[in-house]
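Asker: mmCIF, C-alpha atoms, file upload15.cif:
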data_protein
loop_
_atom_site.label_atom_id
_atom_site.label_comp_id
_atom_site.auth_asym_id
_atom_site.auth_seq_id
_atom_site.Cartn_x
_atom_site.Cartn_y
_atom_site.Cartn_z
CA MET A 1 0.00 0.00 0.00
CA GLU A 2 1.78 3.11 -1.27
CA LEU A 3 0.68 5.91 1.04
CA LYS A 4 2.19 8.63 -1.16
CA ASN A 5 -0.58 8.02 -3.70
CA TYR A 6 -3.28 9.14 -1.25
CA LEU A 7 -1.70 11.34 1.42
CA PRO A 8 0.31 14.57 1.16
CA ALA A 9 4.07 14.30 1.61
CA GLU A 10 4.00 16.00 5.00
CA TYR A 11 1.90 13.13 6.36
CA ILE A 12 4.41 10.46 5.33
CA LYS A 13 7.90 9.60 6.47
CA ASN A 14 9.51 6.36 5.31
CA ASN A 15 6.06 5.11 4.21
CA VAL A 16 4.75 5.62 7.75
CA ILE A 17 1.86 7.95 8.59
CA HIS A 18 2.85 10.86 10.84
CA LEU A 19 -0.13 13.00 11.82
CA PRO A 20 0.19 16.72 12.58
CA ASN A 21 -0.06 17.81 16.19
CA CYS A 22 -3.49 19.38 15.63
CA ILE A 23 -4.98 15.92 14.99
CA ASN A 24 -6.02 14.04 18.12
CA LYS A 25 -8.46 11.46 16.73
CA ILE A 26 -8.40 8.96 13.88
CA LYS A 27 -11.56 7.49 12.39
CA ILE A 28 -11.95 5.04 9.51
CA ASP A 29 -14.98 4.91 7.24
CA VAL A 30 -15.21 1.71 5.18
CA GLY A 31 -17.75 2.03 2.34
CA LEU A 32 -18.33 5.71 1.62
CA SER A 33 -21.12 5.20 -0.92
CA ILE A 34 -22.18 8.27 -2.95
CA SER A 35 -22.10 10.93 -0.24
CA ALA A 36 -19.99 9.66 2.70
CA PRO A 37 -22.55 10.80 5.31
CA VAL A 38 -20.73 9.33 8.31
CA SER A 39 -17.41 10.93 7.34
CA TRP A 40 -19.22 14.24 6.91
CA GLU A 41 -20.68 14.10 10.41
CA TRP A 42 -17.31 13.23 11.90
CA LEU A 43 -15.51 16.05 10.10
CA GLU A 44 -18.14 18.69 10.70
CA ASN A 45 -18.43 18.02 14.42
CA ASP A 46 -14.78 17.56 15.42
CA PRO A 47 -11.96 19.82 14.12
CA GLY A 48 -9.39 17.47 15.65
CA VAL A 49 -10.35 14.34 13.72
CA VAL A 50 -8.78 12.89 10.60
CA VAL A 51 -10.85 10.45 8.52
CA PHE A 52 -9.50 7.74 6.24
CA GLY A 53 -12.22 6.50 3.89
CA PHE A 54 -12.11 3.31 1.83
CA GLU A 55 -14.25 3.23 -1.32
CA PRO A 56 -13.49 0.93 -4.31
CA ASN A 57 -16.24 2.35 -6.55
CA LEU A 58 -14.40 5.07 -8.48
CA LYS A 59 -17.59 6.81 -9.59
CA ASN A 60 -18.64 7.18 -5.97
CA ILE A 61 -15.28 8.79 -5.23
CA GLU A 62 -15.73 11.27 -8.07
CA GLU A 63 -19.21 12.07 -6.75
CA ILE A 64 -17.85 12.72 -3.27
CA LYS A 65 -15.12 14.96 -4.69
CA GLY A 66 -17.72 16.90 -6.67
CA ASN A 67 -16.23 15.96 -10.04
CA ILE A 68 -19.48 14.59 -11.47
CA LEU A 69 -21.63 17.47 -12.59
CA ASN A 70 -25.30 17.82 -11.72
CA ASN A 71 -25.17 14.86 -9.36
CA SER A 72 -25.47 12.59 -12.39
CA GLN A 73 -25.38 9.46 -10.26
CA ASP A 74 -28.07 10.71 -7.93
CA THR A 75 -30.65 11.66 -10.53
CA LEU A 76 -33.47 11.83 -7.98
CA GLY A 77 -31.53 13.93 -5.50
CA LEU A 78 -32.13 11.42 -2.71
CA PHE A 79 -28.62 11.70 -1.30
CA GLN A 80 -27.22 14.62 0.62
CA HIS A 81 -24.31 15.92 -1.40
CA ASN A 82 -21.80 17.50 0.95
CA ASN A 83 -19.00 19.85 -0.04
CA PHE A 84 -15.88 17.99 1.05
CA SER A 85 -13.48 20.39 -0.69
CA LYS A 86 -12.45 22.03 2.60
CA TYR A 87 -11.49 18.63 4.05
CA LEU A 88 -10.04 16.66 1.13
CA LYS A 89 -6.29 16.05 1.45
CA LYS A 90 -6.33 17.92 4.76
CA ARG A 91 -8.40 15.86 7.19
CA PHE A 92 -10.23 13.54 4.78
CA PHE A 93 -8.32 11.00 2.71
CA ILE A 94 -10.03 8.60 0.31
CA ILE A 95 -8.27 5.33 -0.46
CA PRO A 96 -9.70 3.57 -3.58
CA HIS A 97 -9.16 0.00 -2.37
CA ALA A 98 -11.42 -2.68 -0.97
CA LEU A 99 -10.92 -4.25 2.44
CA SER A 100 -11.28 -7.86 3.55
CA GLN A 101 -9.49 -10.39 5.75
CA GLU A 102 -6.42 -10.95 3.58
CA ASN A 103 -4.45 -9.01 0.95
CA SER A 104 -5.17 -9.95 -2.66
CA ASP A 105 -6.42 -8.80 -6.06
CA LYS A 106 -10.11 -9.46 -6.70
CA GLU A 107 -13.02 -8.65 -8.94
CA PHE A 108 -15.27 -5.90 -7.64
CA TYR A 109 -18.92 -5.53 -8.60
CA ASN A 110 -19.80 -1.87 -9.16
CA VAL A 111 -23.57 -1.75 -8.82
CA LEU A 112 -25.39 0.62 -11.18
CA ASN A 113 -28.16 2.93 -10.08
CA LYS A 114 -31.62 1.68 -10.99
CA ILE A 115 -34.63 3.89 -10.42
CA ASN A 116 -38.00 2.50 -9.46
CA GLN A 117 -40.27 4.85 -11.37
CA SER A 118 -43.44 3.78 -9.58
CA LYS A 119 -42.00 4.68 -6.17
CA LEU A 120 -39.75 7.52 -7.38
CA GLY A 121 -36.84 6.02 -5.54
CA TYR A 122 -33.90 3.74 -6.07
CA GLU A 123 -34.49 0.04 -6.52
CA PHE A 124 -30.75 -0.26 -5.91
CA GLU A 125 -27.78 2.11 -6.21
CA SER A 126 -23.99 2.24 -6.34
CA GLY A 127 -23.66 2.21 -2.55
CA SER A 128 -24.53 -1.50 -2.86
CA SER A 129 -21.28 -2.28 -4.69
CA SER A 130 -19.42 -5.25 -3.23
CA LEU A 131 -16.70 -7.86 -3.50
CA LEU A 132 -19.61 -10.32 -3.51
CA LYS A 133 -21.47 -10.89 -6.76
CA PRO A 134 -25.00 -9.42 -6.71
CA ILE A 135 -27.84 -11.84 -7.37
CA SER A 136 -30.22 -9.49 -9.16
CA MET A 137 -28.66 -6.00 -9.15
CA GLU A 138 -27.09 -4.66 -12.35
CA TYR A 139 -23.34 -4.08 -12.22
CA VAL A 140 -20.07 -3.66 -14.07
CA LYS A 141 -16.93 -5.50 -12.94
CA SER A 142 -13.52 -4.06 -12.18
CA LYS A 143 -10.28 -5.30 -10.68
CA VAL A 144 -9.38 -3.93 -7.25
CA LYS A 145 -6.56 -4.18 -4.77
CA VAL A 146 -7.80 -5.70 -1.52
CA PHE A 147 -6.06 -5.12 1.80
CA ASN A 148 -6.81 -5.91 5.40
CA LEU A 149 -6.91 -3.25 8.09
CA PHE A 150 -3.90 -4.81 9.79
CA THR A 151 -1.81 -3.81 6.77
CA PHE A 152 -3.15 -0.25 6.85
CA LEU A 153 -2.82 0.25 10.60
CA SER A 154 0.73 -1.07 10.43
CA LYS A 155 1.53 2.17 8.59
CA PHE A 156 0.88 4.33 11.67
CA ASP A 157 3.53 5.55 14.08
CA TRP A 158 2.13 3.85 17.18
CA LYS A 159 4.53 5.73 19.43
CA LYS A 160 2.38 8.79 18.74
CA VAL A 161 -1.03 7.20 18.09
CA ASN A 162 -2.91 5.98 21.15
CA SER A 163 -5.92 4.44 19.42
CA ILE A 164 -8.31 4.49 16.49
CA THR A 165 -11.40 6.26 17.84
CA GLN A 166 -13.94 4.53 15.60
CA ILE A 167 -14.21 2.26 12.57
CA LYS A 168 -17.51 2.21 10.71
CA ILE A 169 -17.99 -0.59 8.17
CA ASP A 170 -20.69 -0.83 5.52
CA ALA A 171 -19.24 -3.25 2.99
CA GLN A 172 -22.20 -5.24 1.71
CA GLY A 173 -21.45 -8.62 3.22
CA GLU A 174 -17.70 -8.27 3.67
CA ASP A 175 -18.02 -6.63 7.11
CA PHE A 176 -17.20 -9.72 9.16
CA LYS A 177 -13.98 -10.44 7.24
CA ILE A 178 -12.91 -6.79 7.53
CA ILE A 179 -13.18 -6.97 11.32
CA TYR A 180 -11.23 -10.24 11.44
CA GLY A 181 -8.66 -8.55 9.20
CA LEU A 182 -7.76 -6.15 12.02
CA LYS A 183 -5.96 -9.03 13.74
CA ASN A 184 -4.09 -7.79 16.83
CA PHE A 185 -4.86 -4.16 16.03
CA ILE A 186 -8.47 -4.74 17.07
CA LYS A 187 -7.34 -4.00 20.64
CA LYS A 188 -6.30 -0.49 19.52
CA VAL A 189 -9.81 0.41 18.27
CA GLU A 190 -12.22 2.13 20.66
CA VAL A 191 -15.48 1.50 18.77
CA ILE A 192 -16.43 -0.68 15.79
CA SER A 193 -19.74 -0.36 13.92
CA TYR A 194 -20.75 -2.72 11.13
CA GLU A 195 -23.72 -3.72 8.99
CA ILE A 196 -25.33 -6.84 10.43
CA ASN A 197 -27.05 -8.09 7.30
CA ALA A 198 -26.66 -7.55 3.55
CA PRO A 199 -28.87 -9.93 1.53
CA GLY A 200 -28.79 -10.07 -2.24
CA TYR A 201 -25.28 -11.40 -2.88
CA GLN A 202 -23.97 -14.79 -3.88
CA GLY A 203 -22.10 -16.50 -1.08
CA TYR A 204 -23.62 -14.34 1.64
CA ASN A 205 -25.68 -16.52 3.91
CA ASN A 206 -26.03 -17.66 7.51
CA TYR A 207 -25.66 -14.05 8.62
CA LYS A 208 -27.34 -14.80 11.96
CA LEU A 209 -24.69 -17.42 12.70
CA GLN A 210 -21.96 -15.05 11.52
CA ASN A 211 -23.21 -12.37 13.92
CA ILE A 212 -23.19 -14.85 16.79
CA LYS A 213 -19.64 -15.93 15.97
CA LEU A 214 -18.56 -12.32 15.74
CA PHE A 215 -20.19 -11.56 19.11
CA PHE A 216 -18.00 -14.16 20.82
CA TYR A 217 -14.97 -12.92 18.88
CA MET A 218 -15.58 -9.35 20.01
CA VAL A 219 -16.19 -10.31 23.64
CA THR A 220 -13.05 -12.44 23.64
CA ASN A 221 -11.10 -9.41 22.44
CA GLY A 222 -12.48 -7.14 25.15
CA PHE A 223 -15.51 -5.55 23.47
CA TYR A 224 -19.09 -5.23 24.67
CA PRO A 225 -22.28 -4.35 22.72
CA LEU A 226 -22.83 -0.59 22.83
CA LYS A 227 -25.76 -0.13 20.43
CA LYS A 228 -27.88 -2.22 18.08
CA THR A 229 -30.33 -1.08 15.40
CA ALA A 230 -32.21 -2.96 12.70
CA SER A 231 -29.24 -2.65 10.34
CA GLU A 232 -26.13 -1.98 12.41
CA MET A 233 -24.24 -3.26 15.45
CA THR A 234 -21.78 -1.21 17.48
CA TYR A 235 -19.24 -2.60 19.92
CA LYS A 236 -17.04 -0.66 22.35
CA ASN A 237 -13.62 -1.68 23.61
CA ILE A 238 -13.61 -2.05 27.39
CA ARG A 239 -10.05 -0.72 27.43
CA TYR A 240 -11.49 2.70 26.50
CA ILE A 241 -14.61 2.55 28.63
CA LYS A 242 -13.89 6.01 30.06
CA SER A 243 -13.70 7.62 26.63
CA LYS A 244 -16.64 9.97 26.08
CA ASP A 245 -16.29 10.60 22.36
CA ASN A 246 -19.46 11.08 20.31
CA TYR A 247 -19.58 7.83 18.31
CA TYR A 248 -21.72 8.62 15.29
CA THR A 249 -23.44 5.63 13.69
CA SER A 250 -25.65 5.42 10.61
CA GLY A 251 -27.92 2.44 11.34
CA HIS A 252 -31.68 2.75 11.88
#
Can the structure from this file be put into structure tokens for me?
Answerer:
Amino acid sequence: MELKNYLPAEYIKNNVIHLPNCINKIKIDVGLSISAPVSWEWLENDPGVVVFGFEPNLKNIEEIKGNILNNSQDTLGLFQHNNFSKYLKKRFFIIPHALSQENSDKEFYNVLNKINQSKLGYEFESGSSSLLKPISMEYVKSKVKVFNLFTFLSKFDWKKVNSITQIKIDAQGEDFKIIYGLKNFIKKVEVISYEINAPGYQGYNNYKLQNIKLFFYMVTNGFYPLKKTASEMTYKNIRYIKSKDNYYTSGH
């Protein structure tokens, strides 16, 4: 993972991330979709946070950067389009790779927006893109570099970084593997939020069993359930139980 491709030179020394003194929190947003709403909330509400976002769908990245005119992906205007220009390459860094449990090269399924005219809404949209092949959604394939979070977090200067404040994961069925891919670095993360169910993809099944297995994995590694919604589960690391940070989640 060549950091110089995504971070300014002043953030890198010997391919290791060195954060400026004004930064006191690190958050990671996996699966930005069209508008990166979680990253936006983090950045807007905390001037001391830096956000690293992972998004393999290149059109979504261009949308977030404001390079697609007239919100051409979001033809119904259903997504909030935030102006990230004041944060990009300063406190918001987008990395165009997918995440999973191991490092590899894989096919990625870029889901295309499909409008349901009768309901004036999306039947499915590009935020549903995944490493897993969709069963019924329309898509185009691309090749992507896949890393695990252990590889990325190994790039930090841990003499100066105390923890990762929060990791939010919305990866359409790959969420479990991404968490396992933290390996020993999971103990350095204060809060982890992930999508508990993502039907509609080949090879994604037994999600209830996967959630149970993950529960025991999290508890074994010192986490306890902090919040559960219909779509998202959040765990907090008992090592940081006194931390009072505002952990923004997107589940309903």
Asker: Please give the centre and size of the box around range 185-195 of chain A (axis-aligned, containing every atom listed in the file, 5 Å added per side), with values in Å to one decimal and written as lines of an AutoDock Vina configuration file.
Answerer:
center_x = -14.3
center_y = -1.3
center_z = 14.8
size_x = 28.9
size_y = 16.9
size_z = 21.7
Asker: Run the PyMOL selection byres ((chain A and resi 232) around 6) mentally over the shown coordinates, then write out the matched residues as a PyMOL selection string, using the chain letters and numbers from the document.
Answerer: chain A and resi 194-196+228-229+231+233+251
Asker: Considering all atoms listed in the file, can you say which of A:Phe84, A:Lys143, A:Trp42, A:Ala36 comes closest to Gly66 in chain A?
Answerer: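 Of A:Phe84, A:Lys143, A:Trp42, A:Ala36, the one nearest Gly66 in chain A, counting all atoms listed in the file, is A:Phe84.
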Asker: Could you check which of A:Phe52, A:Gly31, A:Phe156, A:Gly173 is closest to Lys13 in chain A, using only C-alpha atoms?
Answerer: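 Going through A:Phe52, A:Gly31, A:Phe156, A:Gly173 one by one, the smallest distance to Lys13 in chain A is for A:Phe156.
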Asker: Between A:Asn21, A:Asn5, A:Ser130, A:Ser154, which has the minimum distance to Leu99 in chain A (counting only C-alpha atoms)?
Answerer: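 For Leu99 in chain A, the nearest of the candidates is A:Ser130.
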Asker: Given the file shown, enumerate the residues that the PyMOL selection byres ((chain A and resi 239) around 10) captures and present them as a short mmCIF file (atom, residue, chain, number, x, y, z; two decimals) with C-alpha atoms, keeping the file's coordinate frame.
Answerer:
data_model
loop_
_atom_site.label_atom_id
_atom_site.label_comp_id
_atom_site.auth_asym_id
_atom_site.auth_seq_id
_atom_site.Cartn_x
_atom_site.Cartn_y
_atom_site.Cartn_z
CA LYS A 187 -7.34 -4.00 20.64
CA LYS A 188 -6.30 -0.49 19.52
CA VAL A 189 -9.81 0.41 18.27
CA GLU A 190 -12.22 2.13 20.66
CA GLY A 222 -12.48 -7.14 25.15
CA PHE A 223 -15.51 -5.55 23.47
CA LYS A 236 -17.04 -0.66 22.35
CA ASN A 237 -13.62 -1.68 23.61
CA ILE A 238 -13.61 -2.05 27.39
CA TYR A 240 -11.49 2.70 26.50
CA ILE A 241 -14.61 2.55 28.63
CA LYS A 242 -13.89 6.01 30.06
CA SER A 243 -13.70 7.62 26.63
#
Asker: Please, what distance in Å, to one decimal, runs between CA of Ser136 in chain A and CA of Gly200 in chain A?
Answerer: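 Between CA of Ser136 in chain A and CA of Gly200 in chain A the gap works out to 7.1 Å.
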Asker: Find the spatial neighbours of Leu32 in chain A, counting all atoms listed in the file, within a cut-off of 12 Å - ignore same-chain residues fewer than 3 positions away - and output them as a VMD selection string.
Answerer: chain A and resid 28 to 29 35 to 40 51 to 65 92 to 98 126 to 129 168 to 172 250
Asker: Write out as a VMD selection string each polymer residue whose atoms come within 10 Å of Asp46 in chain A, counting only C-alpha atoms; drop sequence neighbours fewer than 2 positions from it.
Answerer: chain A and resid 23 to 25 41 to 44 48 to 50 245 to 246
